[in-house]
Structure formats: structure tokens, C-alpha cells
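Beneath this line is the structure, given in C-alpha cells, with notes to follow.
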Amino acid sequence: MADLIPYDARDGWIWYDGEFVPWREAKLHVLSHGLHYASCVFEGERAYKGRVFKLREHTQRLIDSGRMLGFEIPYSVQQLEEATVEAIRRNGLSDCYVRPVAWRGSEQMGVSAQRSKIHVAIAVWEWGAYYTDLRLTPALYRRPAPECAPVHSKAAGLYMICTLSKHAAEAKGFGDALMLDYRGYVAETTGANIFLVIDGALHTPIPDCFLNGITRQTVIELAKKRGIPVIERHILPEELARAQEIFVTGTAAEITPVRAIEDTPYQVGPVTRTLIDDFLALTRG
């Protein structure tokens, strides 16, 4: 399996600071500020039949995330999009995952890094289903308040609590962790937004302290086209038991049904199936 090959031991091409370099040579210095102080933002994108789904939205979000962390990515939307398309072509891929990333370099060390260069890279690789037989358990940590972190950026530092929570969930035999927000409301999993189907309507948390995912927004649009009511609101954990169906969404996850939360099972019902079919038609049609 491709995922068993270490990511630094693969072959291909990575776009790095404006030019393509051999995959194994795409390295950064150990004193890069992004490694020590998490001054790094990234995106997750998927290409279907060689075309990146919602490429413009993802590219703009990367730039916006950098600005939320106080730096300007030194490439335009058009340059980044052209580099993405060329990276897919050079690596001979069609259906693949795309990872743009931008970070502060090694020019300055310390909490302050005003003079550090902003580096940008784009890698692409084949990546199948992110989840299989998804079962959730409560997360170790909660999503922070907007006053505590740049919660609407796709910043690397915000994923530290996700990694810890997902590792703990996997150690218990679950596929992922269900995160609450700082108030105790349902937020998301460690890497995907969440939807509940209650009496034929979609209920989903208000993304006021976590990412309003691009796939999340797409699913809401698909549901509205089908005449499925969509209710964005604060959801208490005890309300999960009322749901007939639960699924998660994300670029990596696409639309994945939740099979269980702790000991409570859920069925893959008609609303979930319909939205999966519509999403497949949209991305692969």
C-alpha cells in the first residue's frame, strides 16, 4: 500500500518556492520557525479526474490563513493554482490528494520572526478513503474560543490537540474522536465537520470556533437543492442520541457515515445515501 511508504522516501515532484524539485529533495532546515513555533498554514484538496474540487476556494483560504497568522504568501491565487495543476500533471496522477503548505523559515529564531522568509510547497499523492468503519469516542481536548486562537485559519498549531485526541481514540479502538467546543457544545471530529439527521432534517454545529469546511458548505448546498431542511445551531452532546443518522464531511473524509459514538450505533440512512450520491455525481460526474 502506498501509505506504508514513508513520505520522504517516495518519488515524484514537489513544487517548492516557485520551482519543481525531486520529491526526496524537498526539505527544510531544522531551525525553521514553522517547526518550532507552528507558524505554518496548509490546505487539503482532492483532485477528481485531474481536476481539483473547489480549487479557488481552497487557494484563497490558504492565503487568508496566512494573513490570520500575520504573514503574506508570496504568490498569487493564479500562481498557486497553476502550480497545483502542474504538480498533478508532472506526477502523472488523476485522482489524488493535494497538500499546499506555507511556513516561516529559518532566517530568524525566537518567538518573533518578522524577518523570516515565507516558504510555500505543494505536494500531491494518491490517498484513498480517510475513514473506514467510523466509530467515535469523546476527545481529550476541546476546541478553543475565538479569543484564544486564530480558530478560522487552517493553521498547523491548531491540530496539536487533534493529533493527541485521535491517538487516544485509536488506542481505545475507535476511528476518531468527537470534539466539543469550549462551551461544551458538539464541534467536529479531529479532521472533519459533523452532521446529524433528526426527523429528516440536517442539524450541524455553527462553525464559530472551528473551520467552516469547504466540503461542509458543499453538503449544505446539496441538501438545500434536495429540499432537505438544514439547521445550523449549537448542539448539546446528549442530543446525539436523538439522531437517526450521523455523518462527517471533509476534503479527506468526503462524506463518511458514522457507525457509532461510543456504544450508540447509527444506520446509514436515506439522507446520508442521497447526499453521498449527489456528492459523487458532483465530484466525479
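By order of appearance in the C-alpha cells: chains A, B, ..., then residues from 1 within every chain, and ligands from 1 in the order shown.
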So that I can see what lies close to Arg61 of chain A, please list as a ChimeraX atom specification the residues with an atom at most 8 Å from it, counting only C-alpha atoms and leaving out residues fewer than 6 positions away in the same chain. /A:43,153-154
List as an MDAnalysis selection string the protein and nucleic acid residues near Glu82 of chain A, meaning an atom at most 12 Å away when only C-alpha atoms are counted, but skip any in the same chain fewer than 4 places from it. chainID A and resid 15 18:19 51:52 55:56 59 75:78 86:89 122
Contacts of Leu158 of chain A at 9 Å (only C-alpha atoms; same-chain gap of 4+ positions) as a PyMOL selection string: chain A and resi 38+143-144+149-151+153-154+162
Generate the output file for the selected residues, N, CA and C atoms, as a PDB file, in the first residue's frame.
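Writing done, so here's result-v2.pdb:
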```pdb
ATOM      1  N   ALA A  38       5.088  26.742  15.175  1.00  0.00           N
ATOM      2  CA  ALA A  38       3.822  26.472  14.483  1.00  0.00           C
ATOM      3  C   ALA A  38       3.346  27.617  13.607  1.00  0.00           C
ATOM      4  N   ARG A 143     -12.259  22.355  21.407  1.00  0.00           N
ATOM      5  CA  ARG A 143     -11.904  23.435  20.501  1.00  0.00           C
ATOM      6  C   ARG A 143     -11.849  24.749  21.275  1.00  0.00           C
ATOM      7  N   PRO A 144     -10.780  25.547  21.082  1.00  0.00           N
ATOM      8  CA  PRO A 144     -10.619  26.781  21.864  1.00  0.00           C
ATOM      9  C   PRO A 144     -11.562  27.885  21.399  1.00  0.00           C
ATOM     10  N   ALA A 149      -7.322  31.766  20.045  1.00  0.00           N
ATOM     11  CA  ALA A 149      -6.524  31.289  18.926  1.00  0.00           C
ATOM     12  C   ALA A 149      -7.169  31.750  17.619  1.00  0.00           C
ATOM     13  N   PRO A 150      -6.408  31.770  16.516  1.00  0.00           N
ATOM     14  CA  PRO A 150      -6.982  32.118  15.212  1.00  0.00           C
ATOM     15  C   PRO A 150      -7.776  30.937  14.657  1.00  0.00           C
ATOM     16  N   VAL A 151      -8.946  30.703  15.222  1.00  0.00           N
ATOM     17  CA  VAL A 151      -9.681  29.456  15.013  1.00  0.00           C
ATOM     18  C   VAL A 151     -10.211  29.276  13.597  1.00  0.00           C
ATOM     19  N   SER A 153      -8.457  29.946  10.855  1.00  0.00           N
ATOM     20  CA  SER A 153      -7.349  29.645   9.948  1.00  0.00           C
ATOM     21  C   SER A 153      -7.120  28.135   9.946  1.00  0.00           C
ATOM     22  N   LYS A 154      -6.587  27.653   8.838  1.00  0.00           N
ATOM     23  CA  LYS A 154      -6.178  26.241   8.801  1.00  0.00           C
ATOM     24  C   LYS A 154      -4.695  26.204   9.164  1.00  0.00           C
ATOM     25  N   CYS A 162      -5.755  17.882  18.045  1.00  0.00           N
ATOM     26  CA  CYS A 162      -6.406  16.875  17.204  1.00  0.00           C
ATOM     27  C   CYS A 162      -5.585  15.589  17.163  1.00  0.00           C
TER      28      CYS A 162
END
```
How many Å lie between atom CA of Pro22 of chain A and atom CA of Cys96 of chain A, rounded to one decimal?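 According to the coordinates, atom CA of Pro22 of chain A and atom CA of Cys96 of chain A are separated by 18.2 Å.
Take atom CA of Ile276 of chain A and atom CA of Thr132 of chain A: the distance between them is 15.1 Å.
With distances restricted to only C-alpha atoms, A:Ala187 is the closest residue to Ile235 of chain A from A:Ala201, A:Ala187, A:Val258, A:Leu211.
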Using only C-alpha atoms, determine which residues lie at most 7 Å from segment 216-223 of chain A, disregarding the query and same-chain residues fewer than 6 positions distant; provide the list as a PDB file with N, CA and C atoms, in the first residue's frame.
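Listed below is the output, around.pdb:
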```pdb
ATOM      1  N   ASN A 193     -16.005  18.007   9.700  1.00  0.00           N
ATOM      2  CA  ASN A 193     -17.239  18.569  10.252  1.00  0.00           C
ATOM      3  C   ASN A 193     -18.275  17.463  10.429  1.00  0.00           C
ATOM      4  N   VAL A 230     -31.954  22.400   6.541  1.00  0.00           N
ATOM      5  CA  VAL A 230     -30.631  22.476   7.155  1.00  0.00           C
ATOM      6  C   VAL A 230     -30.706  23.459   8.323  1.00  0.00           C
ATOM      7  N   THR A 249     -17.961  15.284   7.208  1.00  0.00           N
ATOM      8  CA  THR A 249     -17.551  15.774   5.896  1.00  0.00           C
ATOM      9  C   THR A 249     -16.189  16.433   5.974  1.00  0.00           C
ATOM     10  N   GLY A 250     -15.453  16.346   4.876  1.00  0.00           N
ATOM     11  CA  GLY A 250     -14.156  16.993   4.776  1.00  0.00           C
ATOM     12  C   GLY A 250     -13.513  16.622   3.457  1.00  0.00           C
ATOM     13  N   LEU A 275     -27.077  12.184  -0.131  1.00  0.00           N
ATOM     14  CA  LEU A 275     -26.031  13.201  -0.201  1.00  0.00           C
ATOM     15  C   LEU A 275     -24.705  12.615  -0.695  1.00  0.00           C
TER      16      LEU A 275
END
```
If you run DSSP on the backbone, which residues of segment 25-197 of chain A are strand (DSSP E or B), as number ranges by chain? A: 40-42, 45-48, 51-52, 96-104, 118-125, 134-138, 143, 155, 176-181, 186-189, 193-197
Write a file of the just-selected residues containing N, CA and C atoms, as a tab-separated table (two decimals), in the first residue's frame.
```
chain	number	residue	atom	x	y	z
A	40	CYS	N	2.71	28.13	10.60
A	40	CYS	CA	2.52	27.33	9.39
A	40	CYS	C	1.04	27.16	9.12
A	41	VAL	N	0.66	27.27	7.85
A	41	VAL	CA	-0.73	27.02	7.43
A	41	VAL	C	-0.71	26.05	6.26
A	42	PHE	N	-1.81	25.38	6.06
A	42	PHE	CA	-1.85	24.39	4.98
A	42	PHE	C	-3.27	24.24	4.46
A	45	GLU	N	-6.76	19.31	-0.35
A	45	GLU	CA	-7.58	19.37	-1.55
A	45	GLU	C	-7.62	17.99	-2.20
A	46	ARG	N	-8.67	17.74	-2.96
A	46	ARG	CA	-8.74	16.49	-3.73
A	46	ARG	C	-8.96	16.80	-5.19
A	47	ALA	N	-8.26	16.04	-6.02
A	47	ALA	CA	-8.48	16.12	-7.46
A	47	ALA	C	-9.24	14.88	-7.91
A	48	TYR	N	-10.22	15.09	-8.75
A	48	TYR	CA	-11.00	14.02	-9.34
A	48	TYR	C	-10.84	14.12	-10.86
A	51	ARG	N	-8.92	17.14	-11.93
A	51	ARG	CA	-9.44	18.48	-11.64
A	51	ARG	C	-9.64	18.63	-10.13
A	52	VAL	N	-9.04	19.65	-9.54
A	52	VAL	CA	-9.15	19.88	-8.10
A	52	VAL	C	-10.53	20.45	-7.78
A	96	CYS	N	-6.32	12.27	-6.78
A	96	CYS	CA	-5.22	12.40	-5.82
A	96	CYS	C	-5.56	13.44	-4.77
A	97	TYR	N	-4.72	13.48	-3.75
A	97	TYR	CA	-4.82	14.46	-2.66
A	97	TYR	C	-3.75	15.52	-2.91
A	98	VAL	N	-4.08	16.76	-2.58
A	98	VAL	CA	-3.17	17.89	-2.78
A	98	VAL	C	-2.92	18.57	-1.44
A	99	ARG	N	-1.65	18.80	-1.12
A	99	ARG	CA	-1.30	19.45	0.14
A	99	ARG	C	-0.42	20.68	-0.11
A	100	PRO	N	-1.02	21.87	-0.20
A	100	PRO	CA	-0.23	23.10	-0.18
A	100	PRO	C	0.10	23.46	1.28
A	101	VAL	N	1.28	24.00	1.50
A	101	VAL	CA	1.68	24.36	2.85
A	101	VAL	C	2.58	25.60	2.77
A	102	ALA	N	2.43	26.50	3.73
A	102	ALA	CA	3.25	27.72	3.79
A	102	ALA	C	3.74	27.91	5.22
A	103	TRP	N	5.01	28.30	5.37
A	103	TRP	CA	5.58	28.39	6.71
A	103	TRP	C	6.69	29.43	6.76
A	104	ARG	N	6.96	29.90	7.97
A	104	ARG	CA	8.09	30.80	8.21
A	104	ARG	C	9.37	29.98	8.27
A	118	ILE	N	8.88	33.55	3.94
A	118	ILE	CA	7.72	32.67	3.85
A	118	ILE	C	7.95	31.69	2.71
A	119	HIS	N	7.98	30.41	3.05
A	119	HIS	CA	8.17	29.34	2.08
A	119	HIS	C	6.82	28.71	1.75
A	120	VAL	N	6.71	28.20	0.53
A	120	VAL	CA	5.46	27.56	0.09
A	120	VAL	C	5.81	26.30	-0.70
A	121	ALA	N	5.07	25.23	-0.45
A	121	ALA	CA	5.27	23.99	-1.20
A	121	ALA	C	3.91	23.38	-1.53
A	122	ILE	N	3.87	22.59	-2.58
A	122	ILE	CA	2.66	21.87	-2.96
A	122	ILE	C	3.06	20.45	-3.33
A	123	ALA	N	2.50	19.49	-2.61
A	123	ALA	CA	2.74	18.07	-2.88
A	123	ALA	C	1.42	17.39	-3.23
A	124	VAL	N	1.49	16.38	-4.07
A	124	VAL	CA	0.30	15.61	-4.44
A	124	VAL	C	0.62	14.12	-4.35
A	125	TRP	N	-0.36	13.34	-3.94
A	125	TRP	CA	-0.16	11.89	-3.88
A	125	TRP	C	-1.52	11.19	-3.90
A	134	LEU	N	-16.28	4.12	10.58
A	134	LEU	CA	-16.00	5.20	11.52
A	134	LEU	C	-16.82	5.08	12.80
A	135	ARG	N	-16.11	4.97	13.90
A	135	ARG	CA	-16.71	4.97	15.24
A	135	ARG	C	-15.99	6.03	16.05
A	136	LEU	N	-16.77	6.80	16.84
A	136	LEU	CA	-16.22	7.94	17.56
A	136	LEU	C	-16.29	7.75	19.07
A	137	THR	N	-15.38	8.43	19.75
A	137	THR	CA	-15.36	8.47	21.20
A	137	THR	C	-15.02	9.91	21.60
A	138	PRO	N	-15.41	10.36	22.77
A	138	PRO	CA	-15.11	11.75	23.16
A	138	PRO	C	-13.63	12.08	23.13
A	143	ARG	N	-12.26	22.36	21.41
A	143	ARG	CA	-11.90	23.43	20.50
A	143	ARG	C	-11.85	24.75	21.28
A	155	ALA	N	-4.46	26.45	10.44
A	155	ALA	CA	-3.11	26.60	10.97
A	155	ALA	C	-2.64	25.29	11.60
A	176	ASP	N	-11.89	7.77	15.42
A	176	ASP	CA	-11.59	9.19	15.61
A	176	ASP	C	-12.27	9.64	16.90
A	177	ALA	N	-12.01	10.91	17.23
A	177	ALA	CA	-12.56	11.49	18.46
A	177	ALA	C	-13.56	12.59	18.10
A	178	LEU	N	-14.60	12.70	18.89
A	178	LEU	CA	-15.61	13.75	18.74
A	178	LEU	C	-15.24	14.90	19.67
A	179	MET	N	-14.96	16.04	19.08
A	179	MET	CA	-14.52	17.19	19.85
A	179	MET	C	-15.70	18.09	20.20
A	180	LEU	N	-15.72	18.57	21.42
A	180	LEU	CA	-16.66	19.60	21.85
A	180	LEU	C	-15.96	20.96	21.73
A	181	ASP	N	-16.75	22.02	21.77
A	181	ASP	CA	-16.12	23.33	21.77
A	181	ASP	C	-15.90	23.80	23.21
A	186	VAL	N	-21.25	20.27	20.78
A	186	VAL	CA	-20.62	19.45	19.76
A	186	VAL	C	-19.95	20.36	18.74
A	187	ALA	N	-18.70	20.05	18.36
A	187	ALA	CA	-17.97	20.87	17.39
A	187	ALA	C	-17.73	20.09	16.09
A	188	GLU	N	-16.85	19.10	16.15
A	188	GLU	CA	-16.42	18.36	14.95
A	188	GLU	C	-15.61	17.15	15.40
A	189	THR	N	-15.11	16.37	14.44
A	189	THR	CA	-14.11	15.38	14.78
A	189	THR	C	-12.75	16.06	14.69
A	193	ASN	N	-16.00	18.01	9.70
A	193	ASN	CA	-17.24	18.57	10.25
A	193	ASN	C	-18.27	17.46	10.43
A	194	ILE	N	-19.28	17.72	11.25
A	194	ILE	CA	-20.25	16.69	11.58
A	194	ILE	C	-21.68	17.15	11.31
A	195	PHE	N	-22.52	16.22	10.87
A	195	PHE	CA	-23.93	16.47	10.60
A	195	PHE	C	-24.78	15.39	11.28
A	196	LEU	N	-25.91	15.79	11.81
A	196	LEU	CA	-26.89	14.87	12.38
A	196	LEU	C	-28.16	14.93	11.54
A	197	VAL	N	-28.77	13.79	11.31
A	197	VAL	CA	-30.08	13.73	10.67
A	197	VAL	C	-31.09	13.42	11.76
```
Please identify the alpha helix (DSSP H) residues within segment 105-182 of chain A (assignment by DSSP from backbone atoms) and present them as a PyMOL selection string. chain A and resi 160-171
From the options A:Gly92, A:Pro237, A:Gly12, A:Pro265, which residue's atoms come nearest to Tyr185 of chain A, counting only C-alpha atoms? A:Pro237
Quick one, how far is atom CA of Pro229 of chain A from atom CA of Leu202 of chain A?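 Computing the Euclidean distance for atom CA of Pro229 of chain A and atom CA of Leu202 of chain A yields 6.0 Å.
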Nearest to Glu254 of chain A, chosen from A:Val268, A:Ala281, A:Ala171, A:Ala129, with only C-alpha atoms counted in the distances: A:Ala129
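You can rank A:Ala26, A:Val85, A:Ala260, A:Ala169 by their closest distance to Trp13 of chain A using only C-alpha atoms, and at the top of that list sits A:Ala26.
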Would you pick out the contacts of Asp8 of chain A at 9 Å or less, using only C-alpha atoms, so that residues sharing its chain but fewer than 6 positions from it are not included, and give the list as a PyMOL selection string? chain A and resi 23-27
Could you please take those selected residues and save C-alpha atoms as an mmCIF file, in the first residue's frame?
```
data_model
loop_
_atom_site.group_PDB
_atom_site.id
_atom_site.type_symbol
_atom_site.label_atom_id
_atom_site.label_comp_id
_atom_site.auth_asym_id
_atom_site.auth_seq_id
_atom_site.Cartn_x
_atom_site.Cartn_y
_atom_site.Cartn_z
ATOM 1 C CA TRP A 23 10.340 14.626 -4.142
ATOM 2 C CA ARG A 24 13.166 13.353 -1.914
ATOM 3 C CA GLU A 25 14.988 16.704 -2.064
ATOM 4 C CA ALA A 26 12.044 18.823 -0.838
ATOM 5 C CA LYS A 27 13.454 19.524 2.634
#
```
Pick out the residues sitting within 8 Å of Ala253 of chain A, and hand them over as a list in words; count only C-alpha atoms, and ignore anything fewer than 2 positions along from it in its own chain.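 Residues meeting the cut-off are Ala129, Tyr130, Tyr131, Ala192, Val248, Thr249, Gly250, Thr251, Ile255 and Thr256 of chain A.
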For the residues selected in the previous step, produce a file with C-alpha atoms as an mmCIF file, in the first residue's frame.
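Full text of result_14.cif as output:
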```cif
data_model
loop_
_atom_site.group_PDB
_atom_site.id
_atom_site.type_symbol
_atom_site.label_atom_id
_atom_site.label_comp_id
_atom_site.auth_asym_id
_atom_site.auth_seq_id
_atom_site.Cartn_x
_atom_site.Cartn_y
_atom_site.Cartn_z
ATOM 1 C CA ALA A 129 -10.595 6.718 1.988
ATOM 2 C CA TYR A 130 -9.612 8.641 5.110
ATOM 3 C CA TYR A 131 -12.007 6.719 7.364
ATOM 4 C CA ALA A 192 -13.985 16.680 9.729
ATOM 5 C CA VAL A 248 -18.893 13.690 8.755
ATOM 6 C CA THR A 249 -17.551 15.774 5.896
ATOM 7 C CA GLY A 250 -14.156 16.993 4.776
ATOM 8 C CA THR A 251 -11.785 17.001 1.835
ATOM 9 C CA ILE A 255 -18.887 12.199 3.184
ATOM 10 C CA THR A 256 -18.386 9.352 5.651
#
```
